[in-house]
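Take a look at the structure below.
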Amino acid sequence: MDPIGRGEHAEDALDVRGVSKMYGRKVRALSDVSIRVKRGEVFGLLGPNGAGKSTLVKILTTVISPSAAAGHVLGKPIGDKPTLARLGYLPEHHRFPEYLTGRQVVEFYGALAGVAAKERRSKASELIEFVGMKDWADRRVGQYSKGMRQRIGLAQALVNSPDLIILDEPTDGVDPVGRREIREMVQTLRGQGRAVFINSHLLSELELVCDRVAILVKGKVAAQGTIAELTDHRRRYEIEVEGGDAEGLLSAARDAGLSGKVEQGVLIVPTAEPAAIQPLLDALRARGKVIAAVRPVRPSLEDLFMEAVSTGGGTPGADLGTRRAG
Amino acid sequence: MIQTWALVVDAYRELSSRKLFWLSLLVSLVVVLVFAAIGLNAKGVTILWFQIESELINSSSVEPIRFYKGMFSQFGVGLWLAWGATILALVSTGGMIPDMIAGGSIELTLSKPISRVRLFLTKYICGLLFTAMQVTVFASACFLVFGLRGGVWIPGVFWAIPFVVLFFSYLFSICVLLGMITRSAMPSILLTILVWFCVFIINTGDNLVLMSRVGNDINRERVISRIERQEKTAAEAFARDNPGQDPTPEDLEKANPFIADNRKRLAELDKANQTLRRVERMIVIAKTLLPKTQETLEAMKRKMGDLAPPAPTEEADSGEVAIFGGPMSRQNQAEVQRRVEQAMANRTTLWVVGTSLAFEAVMVGLAAWLFRRRDF
């Protein structure tokens, strides 16, 4: 037991293992999912539609019950209701009561989280300013645009000063300026030592803000770790040679002790080390080839995501981060 | 406490944001104004400044307190609160649970540190507060109008608050369960009204069977009394003709042929009585399991204390009671009415309210159980 959430789990905001969810006897939404999020970290959960992202988030927030689960959320077992007082949540497709003003929404959900009236009022004002909704705070939610609702949603998720914030598609419906602001807010929250768990389709957004990510495919974690961890072993060099035939290029690579492949006349060598390609460049020059370009290539999160999805969750290097972190 | 109060305030904001809430209050006000327009004096009834002379209804024939109580319970509660306001309240509150469990809304509430059962029960009680507010406003306004306009202060009108809320709570519990199952306001409201209609039909059946059985009882008593009188007369005649001998039933029938007819009639009535009592028992069992809307309002009237059954009429043999229509003397009508009301009064408030609350507890318990177990 770790009643105050310190000790063994002190550095983890979230550490869940073996989370599974069956709907009926046939539909398996989640299968043995293990995820770890440290305090002061921004964690991104990616996955195609129907991968089970929202199911996982709903299990963490007690909206649905898992078929099997172990581990802790903020140092307490999954499903512990009082712990939710320290958790902020912005669901996807949220629907706030339209008869409330933005300020009332923030105060209402603050009250449900158990925040005392005085603190709630001052916190609401502070957060409304933080999310840039000061001028609209006392108008009814029914008059808000999608982006405004997202901002108010973010404010309500923060009203209880949570240690863990779960944001499900936080930039959904938000314009580019708003997205940037939300990204900055997330970075501010990280700076305050809070853990932020983001569930999003927008890979480029996540790439900019996340410390670690997990890719969920068909209810299973296909890959998990820092973006560097996940992409390092996929780094490569692309060498463009004028008038180079494929066989000649591959032969030069073999002579240099490297493996590679040729795609559209470009020689691709799977290495991240500049020193490793020098013998290859020498070999090419020795054969009279003109080297037009040498490019180090680091795969993007999108490449990683697409690879995970196309292999149906069997991505090489899956759970890399889990193994390293664990 | 912070969470409960927040839910109560939110429920008030939700309900008061609906036009029906204000419409309901407005109609209540109109009903109160109608009451305020009606007065009673020695000549008859006054409506605004118009005098309607009446020998039947005036302050000499009807006590003003009885007149106003009757008006309140029959029209204010019996018509407006029990029907019009209840339907409006059902329409207003019927969406509370479906709205609460709608996608996008329920995730936010369930992710807060409040237990599902507490959340559900608080919402349920908030729904009842809607009716409580409406009835409180109505009863208070009526109390003032009767006092100021009629000069009679009737604190008994405040009994309407708990009883009408009880009455509404039976229906609301059904609506809440159906809302939890269907997740939609309209089907749950319509199905609740259907269940209410079924309860009304059973209640009407109960009244008809009870009236028939009471009529049958009266007829039996009269036939028995007639047979006894005829047997006595026949026995005296037999004794005069056959001194020292005891007459057999056949001797009596020979002396008065109507005795045989009446005995046959009695046998028929006994048979019908058994059937009626069996049906009555079945209806009472069904009613024990169901909410008793009508009886709850009757219990309220009894609590208000003016509507005692009419005084018993003199027992007189004025022929058999016509059951299911047909001619019936005033005396017989009054006797049937008296006994039916007596039988209804014998169904104690504890039985009426207790069994109805048990029904409500089952409905609410089932809905809470569903809410607690469901994945959203």
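By convention in this document, the chains of the structure tokens carry letters A, B, ... by their order, each chain's residues are numbered from 1, and ligands are numbered from 1 in the order they are shown.
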
Check your understanding: Within 8 Å of A:His201, counting only C-alpha atoms, which residues qualify if same-chain residues fewer than 4 places away don't, as a count of residues only?
Key -> 4

Practice item. Write out as a PyMOL selection string every residue belonging to chain B that has an atom at most 10 Å from any atom of chain A, counting only C-alpha atoms. Key: chain B and resi 1-7+9-10+13-18+99-100+102-116+119+373-376

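Take atom CA of B:Phe168 and atom CA of B:Met304: the distance between them is 18.7 Å.
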
Exercise for review: Extract, using only C-alpha atoms, all DNA, RNA and protein residues at most 10 Å from stretch 184-197 of chain B, discarding same-chain residues fewer than 2 positions from it, and format them as a PyMOL selection string.
Suggested key: chain B and resi 87+90-99+101-102+170-182+199-203+290-293

Could you please take those selected residues and save C-alpha atoms as an mmCIF file, in the first residue's frame?
```cif
data_model
loop_
_atom_site.group_PDB
_atom_site.id
_atom_site.type_symbol
_atom_site.label_atom_id
_atom_site.label_comp_id
_atom_site.auth_asym_id
_atom_site.auth_seq_id
_atom_site.Cartn_x
_atom_site.Cartn_y
_atom_site.Cartn_z
ATOM 1 C CA ILE B 87 -47.771 15.793 -17.373
ATOM 2 C CA LEU B 90 -42.956 14.630 -16.589
ATOM 3 C CA VAL B 91 -42.160 16.328 -19.887
ATOM 4 C CA SER B 92 -39.829 18.774 -18.133
ATOM 5 C CA THR B 93 -37.980 16.234 -16.031
ATOM 6 C CA GLY B 94 -38.197 13.247 -18.364
ATOM 7 C CA GLY B 95 -35.021 14.341 -20.130
ATOM 8 C CA MET B 96 -32.938 14.688 -16.971
ATOM 9 C CA ILE B 97 -31.564 11.157 -16.902
ATOM 10 C CA PRO B 98 -31.177 10.688 -20.680
ATOM 11 C CA ASP B 99 -29.365 14.056 -20.806
ATOM 12 C CA ILE B 101 -26.093 9.792 -19.507
ATOM 13 C CA ALA B 102 -25.695 11.236 -23.009
ATOM 14 C CA TYR B 170 -44.176 7.116 -8.402
ATOM 15 C CA LEU B 171 -44.397 8.188 -12.043
ATOM 16 C CA PHE B 172 -40.977 9.807 -12.053
ATOM 17 C CA SER B 173 -39.383 6.581 -10.803
ATOM 18 C CA ILE B 174 -40.851 4.746 -13.806
ATOM 19 C CA CYS B 175 -39.710 7.526 -16.130
ATOM 20 C CA VAL B 176 -36.196 7.422 -14.689
ATOM 21 C CA LEU B 177 -35.894 3.656 -15.115
ATOM 22 C CA LEU B 178 -37.195 3.850 -18.670
ATOM 23 C CA GLY B 179 -34.857 6.785 -19.366
ATOM 24 C CA MET B 180 -31.944 4.697 -18.144
ATOM 25 C CA ILE B 181 -32.969 1.801 -20.372
ATOM 26 C CA THR B 182 -33.939 3.704 -23.523
ATOM 27 C CA VAL B 199 -52.641 2.029 -13.374
ATOM 28 C CA PHE B 200 -55.657 4.241 -14.019
ATOM 29 C CA ILE B 201 -57.461 1.378 -15.806
ATOM 30 C CA ILE B 202 -56.738 -1.011 -12.928
ATOM 31 C CA ASN B 203 -57.937 1.616 -10.508
ATOM 32 C CA LEU B 290 -48.309 -1.109 -8.345
ATOM 33 C CA PRO B 291 -48.169 2.552 -7.361
ATOM 34 C CA LYS B 292 -51.453 3.868 -6.054
ATOM 35 C CA THR B 293 -51.775 7.272 -7.616
#
```

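With only C-alpha atoms as the atoms that count, the residue of A:Val221, A:Leu189, A:Leu267, A:Ile227 with the shortest distance to A:Glu41 is A:Leu189.
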
Point to revise | atom CA of B:Lys69 to atom CA of B:Arg149, distance in Å rounded to a single decimal | key: 13.5 Å

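In this comparison, which uses only C-alpha atoms, the residue of B:Phe167, B:Phe138, B:Phe50, B:Phe130 approaching B:Val30 most closely is B:Phe138.
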
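Near stretch 14-20 of chain A, within a cut-off of 6 Å and counting only C-alpha atoms, sit the residues A:Leu30, A:Ser31, A:Asp32, A:Val33, A:Ser34, A:Ile35, A:Arg36, A:Val37, A:Ser67, A:Ala68, A:Ala69, A:Ala70, A:Gly71, A:His72, A:Val73, A:Leu74, with same-chain residues fewer than 6 positions away left out.
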
Resulting file, chosen residues, C-alpha atoms, as a PDB file, in the first residue's frame:
```pdb
ATOM      1  CA  LEU A  30      -8.130  -3.710 -25.357  1.00  0.00           C
ATOM      2  CA  SER A  31      -5.697  -6.531 -24.893  1.00  0.00           C
ATOM      3  CA  ASP A  32      -3.061  -6.521 -22.190  1.00  0.00           C
ATOM      4  CA  VAL A  33      -2.192  -2.839 -22.489  1.00  0.00           C
ATOM      5  CA  SER A  34       0.617  -1.526 -20.306  1.00  0.00           C
ATOM      6  CA  ILE A  35       1.451   2.146 -20.158  1.00  0.00           C
ATOM      7  CA  ARG A  36       3.566   4.286 -17.906  1.00  0.00           C
ATOM      8  CA  VAL A  37       3.491   8.062 -17.641  1.00  0.00           C
ATOM      9  CA  SER A  67     -12.241  -6.658 -17.793  1.00  0.00           C
ATOM     10  CA  ALA A  68      -8.765  -6.901 -16.293  1.00  0.00           C
ATOM     11  CA  ALA A  69      -6.357  -4.259 -15.062  1.00  0.00           C
ATOM     12  CA  ALA A  70      -3.533  -3.776 -12.603  1.00  0.00           C
ATOM     13  CA  GLY A  71      -1.427  -0.825 -11.637  1.00  0.00           C
ATOM     14  CA  HIS A  72      -1.885   2.660 -10.342  1.00  0.00           C
ATOM     15  CA  VAL A  73      -3.165   6.088 -11.239  1.00  0.00           C
ATOM     16  CA  LEU A  74      -1.521   8.778  -9.104  1.00  0.00           C
TER      17      LEU A  74
END
```

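Rounded to one decimal, atom CA of A:Thr171 and atom CA of A:Met185 lie 11.7 Å from each other.
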
Check your understanding: Any idea what's packed within 9 Å of stretch 266-272 of chain B, counting only C-alpha atoms, ignoring anything in its chain fewer than 4 positions away? Could you give it as a PyMOL selection string?
Key -> chain B and resi 213+216-217+219-220+223-224+261-262+276-277

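Among B:Asn58, B:Thr86, B:Thr136, B:Gln51, the residue with the shortest atom-to-atom distance to B:Ser24, counting only C-alpha atoms, is B:Thr86.
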
Check your understanding: Among stretch 54-110 of chain B, which ones does DSSP place in helix (DSSP H, G or I), written as a ChimeraX atom specification?
Key -> /B:64-93,96-100,106-110

File of the preceding selection, C-alpha atoms, as a short mmCIF file (atom, residue, chain, number, x, y, z; two decimals), in the first residue's frame:
```cif
data_model
loop_
_atom_site.label_atom_id
_atom_site.label_comp_id
_atom_site.auth_asym_id
_atom_site.auth_seq_id
_atom_site.Cartn_x
_atom_site.Cartn_y
_atom_site.Cartn_z
CA PRO B 64 -67.14 28.14 3.37
CA ILE B 65 -64.20 26.07 4.66
CA ARG B 66 -65.70 22.95 3.09
CA PHE B 67 -66.40 24.83 -0.14
CA TYR B 68 -62.82 26.06 -0.50
CA LYS B 69 -61.28 22.77 0.55
CA GLY B 70 -63.46 20.97 -1.97
CA MET B 71 -62.49 23.42 -4.68
CA PHE B 72 -58.81 23.00 -3.85
CA SER B 73 -58.84 19.21 -3.65
CA GLN B 74 -61.20 18.56 -6.56
CA PHE B 75 -60.01 21.13 -9.06
CA GLY B 76 -56.67 22.42 -7.81
CA VAL B 77 -55.19 19.06 -6.96
CA GLY B 78 -57.54 16.58 -8.65
CA LEU B 79 -57.46 18.26 -12.03
CA TRP B 80 -54.53 20.62 -12.26
CA LEU B 81 -51.78 19.15 -10.08
CA ALA B 82 -52.68 15.49 -10.60
CA TRP B 83 -53.04 15.75 -14.37
CA GLY B 84 -51.98 18.94 -16.10
CA ALA B 85 -49.05 19.86 -13.89
CA THR B 86 -47.94 16.24 -13.61
CA ILE B 87 -47.77 15.79 -17.37
CA LEU B 88 -45.88 19.08 -17.73
CA ALA B 89 -43.54 18.01 -14.93
CA LEU B 90 -42.96 14.63 -16.59
CA VAL B 91 -42.16 16.33 -19.89
CA SER B 92 -39.83 18.77 -18.13
CA THR B 93 -37.98 16.23 -16.03
CA MET B 96 -32.94 14.69 -16.97
CA ILE B 97 -31.56 11.16 -16.90
CA PRO B 98 -31.18 10.69 -20.68
CA ASP B 99 -29.36 14.06 -20.81
CA MET B 100 -27.16 13.07 -17.89
CA ILE B 106 -21.60 11.53 -18.75
CA GLU B 107 -17.82 11.17 -19.20
CA LEU B 108 -17.32 14.52 -17.49
CA THR B 109 -19.49 13.68 -14.51
CA LEU B 110 -18.29 10.13 -14.03
#
```

Check your understanding: Which of these residues is nearest to B:Leu210, using only C-alpha atoms: B:Asn256, B:Arg338, B:Phe120, B:Leu144?
Key -> B:Arg338
